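> Data: query.txt, compact mmCIF, C-alpha atoms.
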```
# COMPACT_ATOMS: atom_id res chain seq x y z
CA MET O 356 30.34 -3.61 -68.43
CA ILE O 357 31.61 -6.77 -66.67
CA ASP O 358 34.32 -4.73 -64.95
CA GLU O 359 31.72 -2.25 -63.77
CA PHE O 360 29.63 -5.11 -62.27
CA LYS O 361 32.72 -6.52 -60.52
CA LEU O 362 33.46 -3.09 -59.08
CA LEU O 363 29.84 -2.73 -57.95
CA ASN O 364 30.02 -6.19 -56.30
CA LEU O 365 33.19 -5.23 -54.46
CA ARG O 366 31.57 -2.03 -53.23
CA ILE O 367 28.44 -3.90 -52.13
CA ASN O 368 30.62 -6.46 -50.30
CA SER O 369 32.54 -3.72 -48.50
CA MET O 370 29.24 -2.02 -47.56
CA VAL O 371 27.90 -5.33 -46.19
CA LYS O 372 31.07 -5.69 -44.10
CA LEU O 373 30.67 -2.15 -42.82
CA ILE O 374 27.00 -2.75 -41.95
CA GLU O 375 28.00 -6.00 -40.15
CA GLN O 376 30.58 -4.01 -38.16
CA VAL O 377 27.92 -1.40 -37.24
CA ILE O 378 25.47 -4.15 -36.20
CA ASN O 379 28.13 -5.89 -34.10
CA SER O 380 29.11 -2.65 -32.35
CA GLN O 381 25.41 -1.88 -31.71
CA LYS O 382 24.97 -5.36 -30.23
CA GLU O 383 28.00 -4.78 -28.01
CA LEU O 384 26.60 -1.40 -26.95
CA LEU O 385 23.22 -2.97 -26.10
CA ARG O 386 24.97 -5.69 -24.10
CA LEU O 387 26.98 -3.14 -22.12
CA LEU O 388 23.91 -0.95 -21.51
CA SER O 389 21.91 -3.97 -20.42
CA GLU O 390 24.65 -5.10 -18.02
CA ASN O 391 25.35 -1.70 -16.50
CA TYR O 392 22.09 0.22 -16.62
CA GLY O 393 19.35 -2.37 -17.10
CA PHE O 394 18.49 -1.13 -20.62
CA GLY O 395 17.91 -3.66 -23.35
CA SER O 396 15.42 -4.99 -25.81
CA PHE O 397 11.72 -4.29 -25.19
CA ALA O 398 11.24 -7.70 -23.56
CA GLU O 399 14.11 -7.01 -21.17
CA THR O 400 13.02 -3.51 -20.19
CA ARG O 401 12.31 -3.22 -16.47
CA VAL O 402 9.38 -1.11 -15.40
CA VAL O 403 8.61 -1.19 -11.70
CA PRO O 404 4.84 -1.59 -11.24
CA ASP O 405 4.23 0.84 -8.36
CA VAL O 406 0.67 1.70 -7.24
CA MET O 407 0.39 4.60 -9.68
CA THR O 408 1.25 2.20 -12.52
CA LEU O 409 -1.31 -0.25 -11.13
CA LEU O 410 -3.98 2.43 -11.43
CA SER O 411 -3.32 2.66 -15.16
CA LEU O 412 -3.39 -1.09 -15.80
CA PRO O 413 -6.55 -2.96 -16.82
CA SER O 414 -8.13 -4.72 -13.85
CA SER O 415 -7.28 -8.20 -15.19
CA LEU O 416 -3.54 -7.40 -15.20
CA ARG O 417 -3.70 -5.39 -11.96
CA LYS O 418 -5.09 -8.41 -10.15
CA THR O 419 -2.09 -10.50 -11.22
CA VAL O 420 0.43 -7.85 -10.13
CA LEU O 421 -1.25 -7.45 -6.73
CA ALA O 422 -1.23 -11.22 -6.24
CA LEU O 423 2.46 -11.26 -7.09
CA TYR O 424 3.15 -8.48 -4.58
CA LYS O 425 1.46 -10.66 -2.00
CA LEU O 426 3.17 -13.92 -2.95
CA GLY O 427 6.62 -12.74 -4.05
CA GLU O 428 7.76 -15.29 -6.62
CA ALA O 429 4.92 -17.35 -8.03
CA THR O 430 4.02 -19.77 -10.79
CA ALA O 431 0.82 -19.36 -12.81
CA GLU O 432 -0.64 -22.09 -10.59
CA ASP O 433 0.20 -20.13 -7.40
CA LEU O 434 -1.29 -16.97 -8.91
CA SER O 435 -4.40 -18.90 -9.86
CA ASN O 436 -4.82 -20.14 -6.26
CA GLU O 437 -4.51 -16.57 -4.99
CA THR O 438 -6.81 -14.83 -7.48
CA LYS O 439 -9.27 -17.75 -7.91
CA ARG O 440 -9.02 -17.36 -11.68
CA LEU O 441 -8.05 -20.08 -14.15
CA ARG O 442 -4.36 -21.02 -14.37
CA ALA O 443 -4.44 -20.30 -18.11
CA VAL O 444 -5.77 -16.79 -17.44
CA GLU O 445 -2.99 -16.11 -14.93
CA SER O 446 -0.39 -17.52 -17.29
CA THR O 447 -1.60 -15.22 -20.09
CA CYS O 448 -1.77 -12.14 -17.82
CA ALA O 449 1.65 -12.78 -16.27
CA SER O 450 3.25 -13.40 -19.67
CA GLN O 451 1.71 -10.21 -21.02
CA LEU O 452 3.02 -8.27 -18.00
CA ALA O 453 6.46 -9.82 -18.58
CA ARG O 454 6.36 -8.72 -22.23
CA MET O 455 5.39 -5.21 -21.09
CA GLY O 456 8.45 -5.21 -18.82
CA TYR O 457 6.56 -5.15 -15.48
CA LEU O 458 7.49 -8.69 -14.43
CA LYS O 459 10.41 -10.99 -14.99
CA LYS O 460 10.24 -14.73 -15.32
CA LYS O 461 12.71 -17.51 -14.67
CA ARG O 462 12.64 -21.22 -15.21
CA VAL O 463 13.43 -23.55 -12.30
CA GLY O 464 13.30 -27.13 -13.56
CA ARG O 465 9.99 -27.46 -15.33
CA LYS O 466 8.34 -24.58 -13.53
CA VAL O 467 8.26 -20.94 -14.63
CA TYR O 468 8.31 -18.38 -11.83
CA PHE O 469 7.18 -14.78 -12.23
CA TYR O 470 8.54 -12.03 -10.01
CA ILE O 471 8.87 -8.25 -9.76
CA GLU O 472 12.43 -7.05 -9.94
CA ASN O 473 13.45 -3.87 -8.17
CA HIS O 474 16.94 -2.47 -7.79
CA PHE O 475 16.06 -1.35 -4.22
CA SER O 476 15.55 -4.85 -2.94
CA GLY O 477 16.45 -7.13 -5.85
CA ALA O 478 13.62 -9.51 -6.52
CA LEU O 479 10.68 -8.14 -4.55
CA GLY O 480 9.70 -11.72 -3.91
CA LYS O 481 12.43 -12.13 -1.32
CA ARG O 482 10.68 -12.25 2.01
CA GLU O 483 11.74 -10.34 5.08
CA LYS O 484 13.77 -12.39 7.53
CA MET I 184 -9.95 -0.48 23.15
CA THR I 185 -13.25 -2.06 22.10
CA LEU I 186 -11.38 -4.47 19.87
CA LEU I 187 -9.01 -5.30 22.75
CA ASN I 188 -11.93 -5.80 25.14
CA ARG I 189 -13.50 -8.17 22.65
CA GLY I 190 -10.36 -10.31 22.85
CA PHE I 191 -8.56 -9.24 19.70
CA ASN I 192 -4.86 -8.48 19.36
CA ILE I 193 -4.38 -5.30 17.40
CA SER I 194 -1.58 -3.29 15.89
CA LEU I 195 -1.69 0.34 14.92
CA LEU I 196 0.81 1.58 12.34
CA ASP I 197 1.48 5.22 11.54
CA LEU I 198 1.83 5.42 7.77
CA ASP I 199 1.23 9.16 7.79
CA PHE I 200 4.88 9.96 7.08
CA ARG I 201 4.10 13.59 6.21
CA ALA I 202 2.49 14.38 9.57
CA PRO I 203 3.29 11.65 12.11
CA SER I 204 1.11 11.85 15.21
CA LEU I 205 1.15 8.51 17.04
CA PHE I 206 4.54 9.25 18.61
CA ASN I 207 3.00 12.15 20.54
CA ILE I 208 -0.19 10.31 21.44
CA PHE I 209 1.64 7.26 22.81
CA GLY I 210 4.69 9.16 24.05
CA GLU I 211 4.06 8.31 27.71
CA ALA I 212 3.54 4.61 27.00
CA ILE I 213 6.77 4.19 25.06
CA LYS I 214 9.49 2.82 27.27
CA THR I 215 11.72 1.28 24.63
CA PRO I 216 15.21 2.82 24.73
CA ASP I 217 16.14 1.75 21.18
CA LEU I 218 13.46 2.98 18.88
CA TRP I 219 13.18 1.83 15.29
CA TRP I 220 10.75 3.73 13.12
CA LEU I 221 8.63 2.43 10.27
CA ASN I 222 10.76 4.75 8.12
CA ASP I 223 13.79 2.60 9.02
CA PHE I 224 11.98 -0.56 7.97
CA PHE I 225 10.94 0.89 4.61
CA ASN I 226 14.48 2.24 4.10
CA ASN I 227 15.99 -1.23 4.72
CA ARG I 228 17.70 -0.13 7.96
CA CYS I 229 15.99 -2.64 10.23
CA ARG I 230 13.79 -5.72 10.28
CA ILE I 231 10.04 -5.42 10.82
CA ASP I 232 10.18 -7.28 14.15
CA GLN I 233 12.37 -4.44 15.53
CA VAL I 234 9.71 -1.78 14.86
CA PRO I 235 6.60 -2.66 16.90
CA ILE I 236 6.34 -1.39 20.48
CA ASP I 237 4.19 -3.36 22.89
CA ILE I 238 2.01 -0.95 24.89
CA SER I 239 -0.38 -3.58 26.28
CA GLU I 240 0.73 -2.91 29.87
CA SER I 241 0.06 0.84 29.60
CA CYS I 242 -3.37 0.10 28.16
CA ASN I 243 -4.24 -2.24 31.07
CA THR I 244 -5.14 -5.11 28.80
CA ASP I 245 -4.30 -8.78 28.76
CA ARG I 246 -4.51 -8.73 24.97
CA LYS I 247 -1.67 -7.47 22.82
CA ILE I 248 -1.50 -3.99 21.34
CA LEU I 249 1.50 -3.14 19.17
CA ILE I 250 2.23 0.23 17.65
CA GLY I 251 4.59 1.15 14.82
CA LEU I 252 5.65 4.76 14.69
CA ALA I 253 6.61 7.13 11.89
CA ASN I 254 9.62 9.32 12.55
CA PRO I 255 8.39 12.84 13.42
CA SER I 256 11.73 14.60 12.73
CA PRO I 257 11.60 17.17 9.90
CA TYR I 258 14.53 15.44 8.16
CA ALA I 259 12.71 12.10 8.15
CA ILE I 260 9.52 13.77 6.86
CA LEU I 261 11.45 15.43 4.03
CA ASP I 262 13.26 12.18 3.26
CA MET I 263 9.96 10.32 2.84
CA MET I 264 8.64 13.00 0.47
CA TRP I 265 11.28 12.40 -2.20
CA LYS I 266 11.15 8.73 -2.96
CA SER I 267 11.42 7.15 -6.40
CA GLN I 268 8.86 4.98 -8.13
CA ALA I 269 11.08 1.94 -7.50
CA TRP I 270 11.29 2.76 -3.79
CA GLU I 271 7.49 3.03 -3.58
CA ALA I 272 7.12 -0.34 -5.31
CA SER I 273 9.56 -1.82 -2.79
CA ALA I 274 7.51 -0.20 0.01
CA LEU I 275 4.34 -1.86 -1.27
CA ARG I 276 6.03 -5.27 -1.21
CA LYS I 277 7.26 -4.54 2.31
CA LEU I 278 3.71 -3.66 3.38
CA TYR I 279 2.49 -7.03 2.14
CA SER I 280 5.37 -8.74 3.91
CA LEU I 281 4.67 -6.77 7.11
CA ARG I 282 1.01 -7.74 6.99
CA SER I 283 1.90 -11.40 6.67
CA ILE I 284 4.36 -11.22 9.61
CA PHE I 285 1.95 -9.32 11.90
CA LEU I 286 -1.00 -11.60 11.18
CA ASN I 287 0.81 -14.95 11.10
CA LYS I 288 3.90 -14.64 13.31
CA MET I 289 2.84 -11.96 15.81
CA ASN I 290 -0.71 -13.33 16.09
CA MET I 291 -2.40 -10.01 15.41
CA ASP I 292 -6.10 -10.05 14.53
CA TYR I 293 -6.31 -6.53 13.13
CA ILE I 294 -3.73 -4.18 11.62
CA ILE I 295 -4.86 -0.57 11.48
CA TYR I 296 -2.96 1.76 9.14
CA ASP I 297 -3.21 5.46 9.86
CA THR I 298 -2.48 7.16 6.52
CA SER I 299 -2.09 10.67 5.16
CA PRO I 300 -5.24 12.32 3.85
CA GLY I 301 -5.65 12.60 0.09
CA ILE I 302 -3.87 10.78 -2.66
CA GLN I 303 -0.34 10.11 -1.45
CA TYR I 304 1.88 7.22 -2.47
CA SER I 305 2.00 5.87 1.10
CA SER I 306 -1.80 6.10 1.42
CA ILE I 307 -2.47 4.28 -1.84
CA ASN I 308 0.12 1.63 -0.93
CA ALA I 309 -1.76 1.10 2.34
CA VAL I 310 -5.08 0.92 0.50
CA ALA I 311 -3.66 -1.68 -1.90
CA ALA I 312 -2.45 -3.84 1.01
CA SER I 313 -5.72 -3.59 3.01
CA ASP I 314 -8.90 -5.62 3.13
CA LEU I 315 -11.09 -2.75 4.32
CA ARG I 316 -10.77 1.02 4.01
CA ILE I 317 -12.43 3.55 6.28
CA VAL I 318 -12.56 6.98 4.70
CA VAL I 319 -12.89 9.64 7.41
CA THR I 320 -14.49 12.90 6.37
CA THR I 321 -16.32 15.81 7.96
CA SER I 322 -19.92 16.74 7.19
CA ASP I 323 -18.76 19.76 5.19
CA PRO I 324 -20.42 19.47 1.74
CA LEU I 325 -17.09 20.22 0.03
CA ASP I 326 -15.37 17.39 1.94
CA ILE I 327 -18.18 14.98 1.10
CA GLU I 328 -18.01 16.00 -2.56
CA GLY I 329 -14.23 15.44 -2.49
CA VAL I 330 -14.67 11.97 -1.00
CA LYS I 331 -17.35 11.18 -3.56
CA ASN I 332 -15.07 12.25 -6.44
CA MET I 333 -12.09 10.33 -5.09
CA LEU I 334 -14.08 7.14 -4.56
CA SER I 335 -15.76 7.37 -7.97
CA GLU I 336 -12.26 7.25 -9.51
CA PHE I 337 -10.62 4.72 -7.21
CA HIS I 338 -13.36 2.69 -5.55
CA ASP I 339 -13.08 -0.58 -7.47
CA ILE I 340 -9.38 -0.49 -8.27
CA PHE I 341 -8.13 -2.59 -5.37
CA GLU I 342 -11.38 -4.49 -4.82
CA ASN I 343 -11.50 -3.92 -1.05
CA LYS I 344 -14.52 -2.84 0.98
CA ILE I 345 -15.04 0.86 1.68
CA LEU I 346 -16.80 2.43 4.66
CA ILE I 347 -17.33 6.10 5.33
CA LEU I 348 -16.93 7.64 8.80
CA ILE I 349 -18.23 11.16 9.28
CA ASN I 350 -16.37 12.99 12.00
CA LYS I 351 -16.77 16.36 13.75
CA VAL I 352 -20.44 16.74 12.84
CA LEU I 353 -21.71 20.06 14.20
CA PRO I 354 -24.04 19.77 17.25
CA GLU I 355 -27.09 21.20 15.50
CA THR I 356 -26.59 18.66 12.72
CA GLU I 357 -26.21 15.98 15.38
CA ARG I 358 -29.63 16.91 16.89
CA SER I 359 -31.30 16.59 13.52
CA LEU I 360 -29.33 13.38 13.05
CA GLN I 361 -30.89 11.92 16.20
CA GLU I 362 -34.34 12.95 15.02
CA LYS I 363 -34.16 11.38 11.62
CA GLU I 364 -30.94 9.41 11.73
CA LYS I 365 -31.90 6.72 9.27
CA ALA I 366 -33.07 9.19 6.64
CA LEU I 367 -29.89 11.25 6.96
CA LEU I 368 -27.60 8.22 6.88
CA SER I 369 -29.27 6.82 3.78
CA GLN I 370 -29.05 10.29 2.19
CA LEU I 371 -25.32 10.40 2.94
CA GLU I 372 -24.84 6.86 1.69
CA GLU I 373 -26.66 7.75 -1.50
CA THR I 374 -24.50 10.84 -2.01
CA VAL I 375 -21.19 9.07 -1.39
CA GLY I 376 -22.24 5.70 -2.80
CA HIS I 377 -20.79 3.64 0.09
CA PRO I 378 -22.06 2.57 3.53
CA VAL I 379 -21.58 5.06 6.37
CA ILE I 380 -20.26 3.19 9.40
CA GLY I 381 -20.87 6.04 11.84
CA VAL I 382 -21.35 9.71 12.52
CA ILE I 383 -19.31 11.30 15.31
CA PRO I 384 -20.43 14.64 16.68
CA CYS I 385 -17.93 17.45 17.26
CA TYR I 386 -16.99 17.52 20.95
CA CYS I 387 -15.24 20.75 21.87
CA ASP I 388 -13.60 19.21 24.97
CA VAL I 389 -12.04 16.49 22.82
CA LEU I 390 -10.69 19.08 20.40
CA ARG I 391 -9.33 21.23 23.24
CA ALA I 392 -7.75 18.32 25.10
CA LYS I 393 -4.04 17.58 24.97
CA ARG I 394 -3.40 14.74 22.56
CA ASN I 395 -0.72 13.02 24.64
CA TYR I 396 -3.00 10.49 26.32
CA LEU I 397 -5.71 8.01 25.42
CA LEU I 398 -9.16 9.37 26.16
CA SER I 399 -10.57 5.85 26.26
CA LEU I 400 -8.36 5.13 29.31
CA LYS I 401 -8.80 8.49 31.04
CA ASN I 402 -12.51 8.95 30.44
CA PRO I 403 -14.07 5.72 29.14
CA THR I 404 -17.63 6.97 29.62
CA HIS I 405 -17.21 10.04 27.42
CA PRO I 406 -19.88 10.11 24.64
CA PHE I 407 -17.09 10.32 22.06
CA ILE I 408 -15.72 7.00 23.29
CA GLN I 409 -19.23 5.50 23.34
CA LYS I 410 -19.60 6.47 19.67
CA LEU I 411 -16.25 4.88 18.87
CA LYS I 412 -17.34 1.69 20.65
CA GLU I 413 -20.50 1.53 18.51
CA ILE I 414 -18.38 1.96 15.38
CA ALA I 415 -15.88 -0.70 16.48
CA GLU I 416 -18.73 -3.15 17.12
CA LYS I 417 -20.04 -2.54 13.60
CA LEU I 418 -16.51 -2.90 12.24
CA ILE I 419 -16.12 -6.37 13.75
CA LYS I 420 -19.13 -7.50 11.72
CA TYR I 421 -17.38 -6.54 8.47
```
For this file, write the structure as structure tokens.


Amino acid sequence: MIDEFKLLNLRINSMVKLIEQVINSQKELLRLLSENYGFGSFAETRVVPDVMTLLSLPSSLRKTVLALYKLGEATAEDLSNETKRLRAVESTCASQLARMGYLKKKRVGRKVYFYIENHFSGALGKREK
Amino acid sequence: MTLLNRGFNISLLDLDFRAPSLFNIFGEAIKTPDLWWLNDFFNNRCRIDQVPIDISESCNTDRKILIGLANPSPYAILDMMWKSQAWEASALRKLYSLRSIFLNKMNMDYIIYDTSPGIQYSSINAVAASDLRIVVTTSDPLDIEGVKNMLSEFHDIFENKILILINKVLPETERSLQEKEKALLSQLEETVGHPVIGVIPCYCDVLRAKRNYLLSLKNPTHPFIQKLKEIAEKLIKY
């Protein structure tokens, strides 16, 4: 009986190692896909919010995207100045859009900037020179 | 021309990439040897300040009138028909950027976008980047119904003002329009659900004329031009 348990333990340990190997190779695959093709976890997924996408968004979120198209990169404060809505509302909308994959955000010092990323022109926030 | 005469600087941009027309209309006024099209700007081949052509001299005005042309070549038209979602999103950002440059750096007072009819990517991009839309339709009941349907779906999406302009109204309709203009206008406004900024009768001589010149310069007293002046005056108030 004890021998059988030991054998079972060994098998379970080898299965755990195998599963760890599978998980590690999947992580590596995700990393490579993310680096080369822009695929990744849900939060990292990039969806370009074109006008047709805007038509399908609720008006509260659409307003934030349109303001961001106008401003380029913007903090929740900048968005709030543009849309005349509360900063907290803009922060919530922009964060939700970032979770949905429409926007990206980056931290510069203590400020968080939202922007639309597009492989045609990089960050769409970059202004024409 | 009314806007110019009132002291405004204006720019007129051809965003009708499927059927460009401004190149033919302003052909005689264009003296620039190196021509950059709006297509080039949207395709990242040039900067926006390389696109506008100043035709103020040809229009005999001391104000500034700039035009931006769409490439009329069949290859360019085909190229603009097959753009990805990401490209269209980039085009929308460029429209916003263009608007900012024209209004702030080039001192324009009005930017007029001439778009394709119907629901095209380029048209909706232009609508999204505008403050005011003028929907031009004929008095044909089917056209008016189409406009009504389109606006019922899209009217509040971009939160900009909408005005209706009825063009090529048949002469007999025009006579009845003069008799009871207010009643007819309010009837039209009720049907479409938006203010009608003007009604332009169908002038056969305008339709038959060559389109390679500006009627407002050649025949400024033509009733068609007078109607346009009335509409422009109303437009300034918006």

> Counting all atoms listed in the file, what are the residues of chain O within 6 Å of chain I, and for each of them which pair of atoms is the nearest and at what distance in Å, to one decimal? Sort the table by chain and rising number, as a Markdown table.


```
| residue | atom | partner | partner_atom | distance |
| --- | --- | --- | --- | --- |
| O:Val403 | CA | I:Ala269 | CA | 5.8 |
| O:Asp405 | CA | I:Ala272 | CA | 4.4 |
| O:Tyr424 | CA | I:Arg276 | CA | 5.5 |
| O:Lys425 | CA | I:Tyr279 | CA | 5.6 |
```

> What does the distance between atom CA of O:Tyr468 and atom CA of O:Leu409 come to in Å, to one decimal place?

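Calculated distance between atom CA of O:Tyr468 and atom CA of O:Leu409 is 20.5 Å.
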
> With all atoms listed in the file as the atoms that count, which of O:Thr438, O:Thr419, O:Asn364, O:Ser414 lies nearest to O:Ile471?

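Among O:Thr438, O:Thr419, O:Asn364, O:Ser414, it is O:Thr419 that comes nearest to O:Ile471.
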
> So that I can check the surroundings of I:Ile347, please list as a PyMOL selection string every protein, DNA and RNA residue that reaches within 10 Å of it, counting all atoms listed in the file and ignoring chain neighbours fewer than 5 positions away.

chain I and resi 316-320+327+330+371-372+375-382

> Give the answer as one residue: which of O:Val402, O:Ala429, O:Ala422, O:Cys448 has the shortest atom-to-atom distance to O:Glu472, using all atoms listed in the file?

O:Val402

> Taking all atoms listed in the file into account, which of I:Asn290, I:Asn222, I:Thr404, I:Asn254 comes nearest I:Leu205?

I:Asn254

> Pick out the residues sitting within 12 Å of I:Ile213, and hand them over as number ranges by chain; count all atoms listed in the file, and ignore anything fewer than 2 positions along from it in its own chain.

I: 205-211, 215-219, 235-242, 249-252, 395-396

> Using only C-alpha atoms, which residue out of I:Leu221, I:Val234, I:Ala253, I:Met291 lies closest to I:Ser194?

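Answer, going by the shortest atom-to-atom distance: I:Met291.
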
> Out of I:Arg201, I:Arg189, I:Arg228, I:Lys412, which residue has the shortest atom-to-atom distance to I:Pro257 when counting only C-alpha atoms?

I:Arg201

> One number please: atom CA of I:Ser399 to atom CA of I:Met184, in Å, one decimal.

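Distance between the two atoms: 7.1 Å.
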
> Determine the nearest neighbour of O:Pro404 from the options O:Val467, O:Leu362, O:Leu373, O:Ala453, counting only C-alpha atoms.

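Going through O:Val467, O:Leu362, O:Leu373, O:Ala453 one by one, the smallest distance to O:Pro404 is for O:Ala453.
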
> What does the distance between atom CA of I:Ser322 and atom CA of I:Lys351 come to in Å, to one decimal place?

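About the pair atom CA of I:Ser322 and atom CA of I:Lys351: they are 7.3 Å apart.
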
> Is it possible to get the axis-aligned box enclosing stretch 409-417 of chain I (all listed atoms, 8 Å extra per side) as lines of an AutoDock Vina configuration file, with centre and edge lengths in Å rounded to one decimal?


```
center_x = -18.2
center_y = 1.7
center_z = 18.5
size_x = 20.6
size_y = 25.6
size_z = 25.7
```
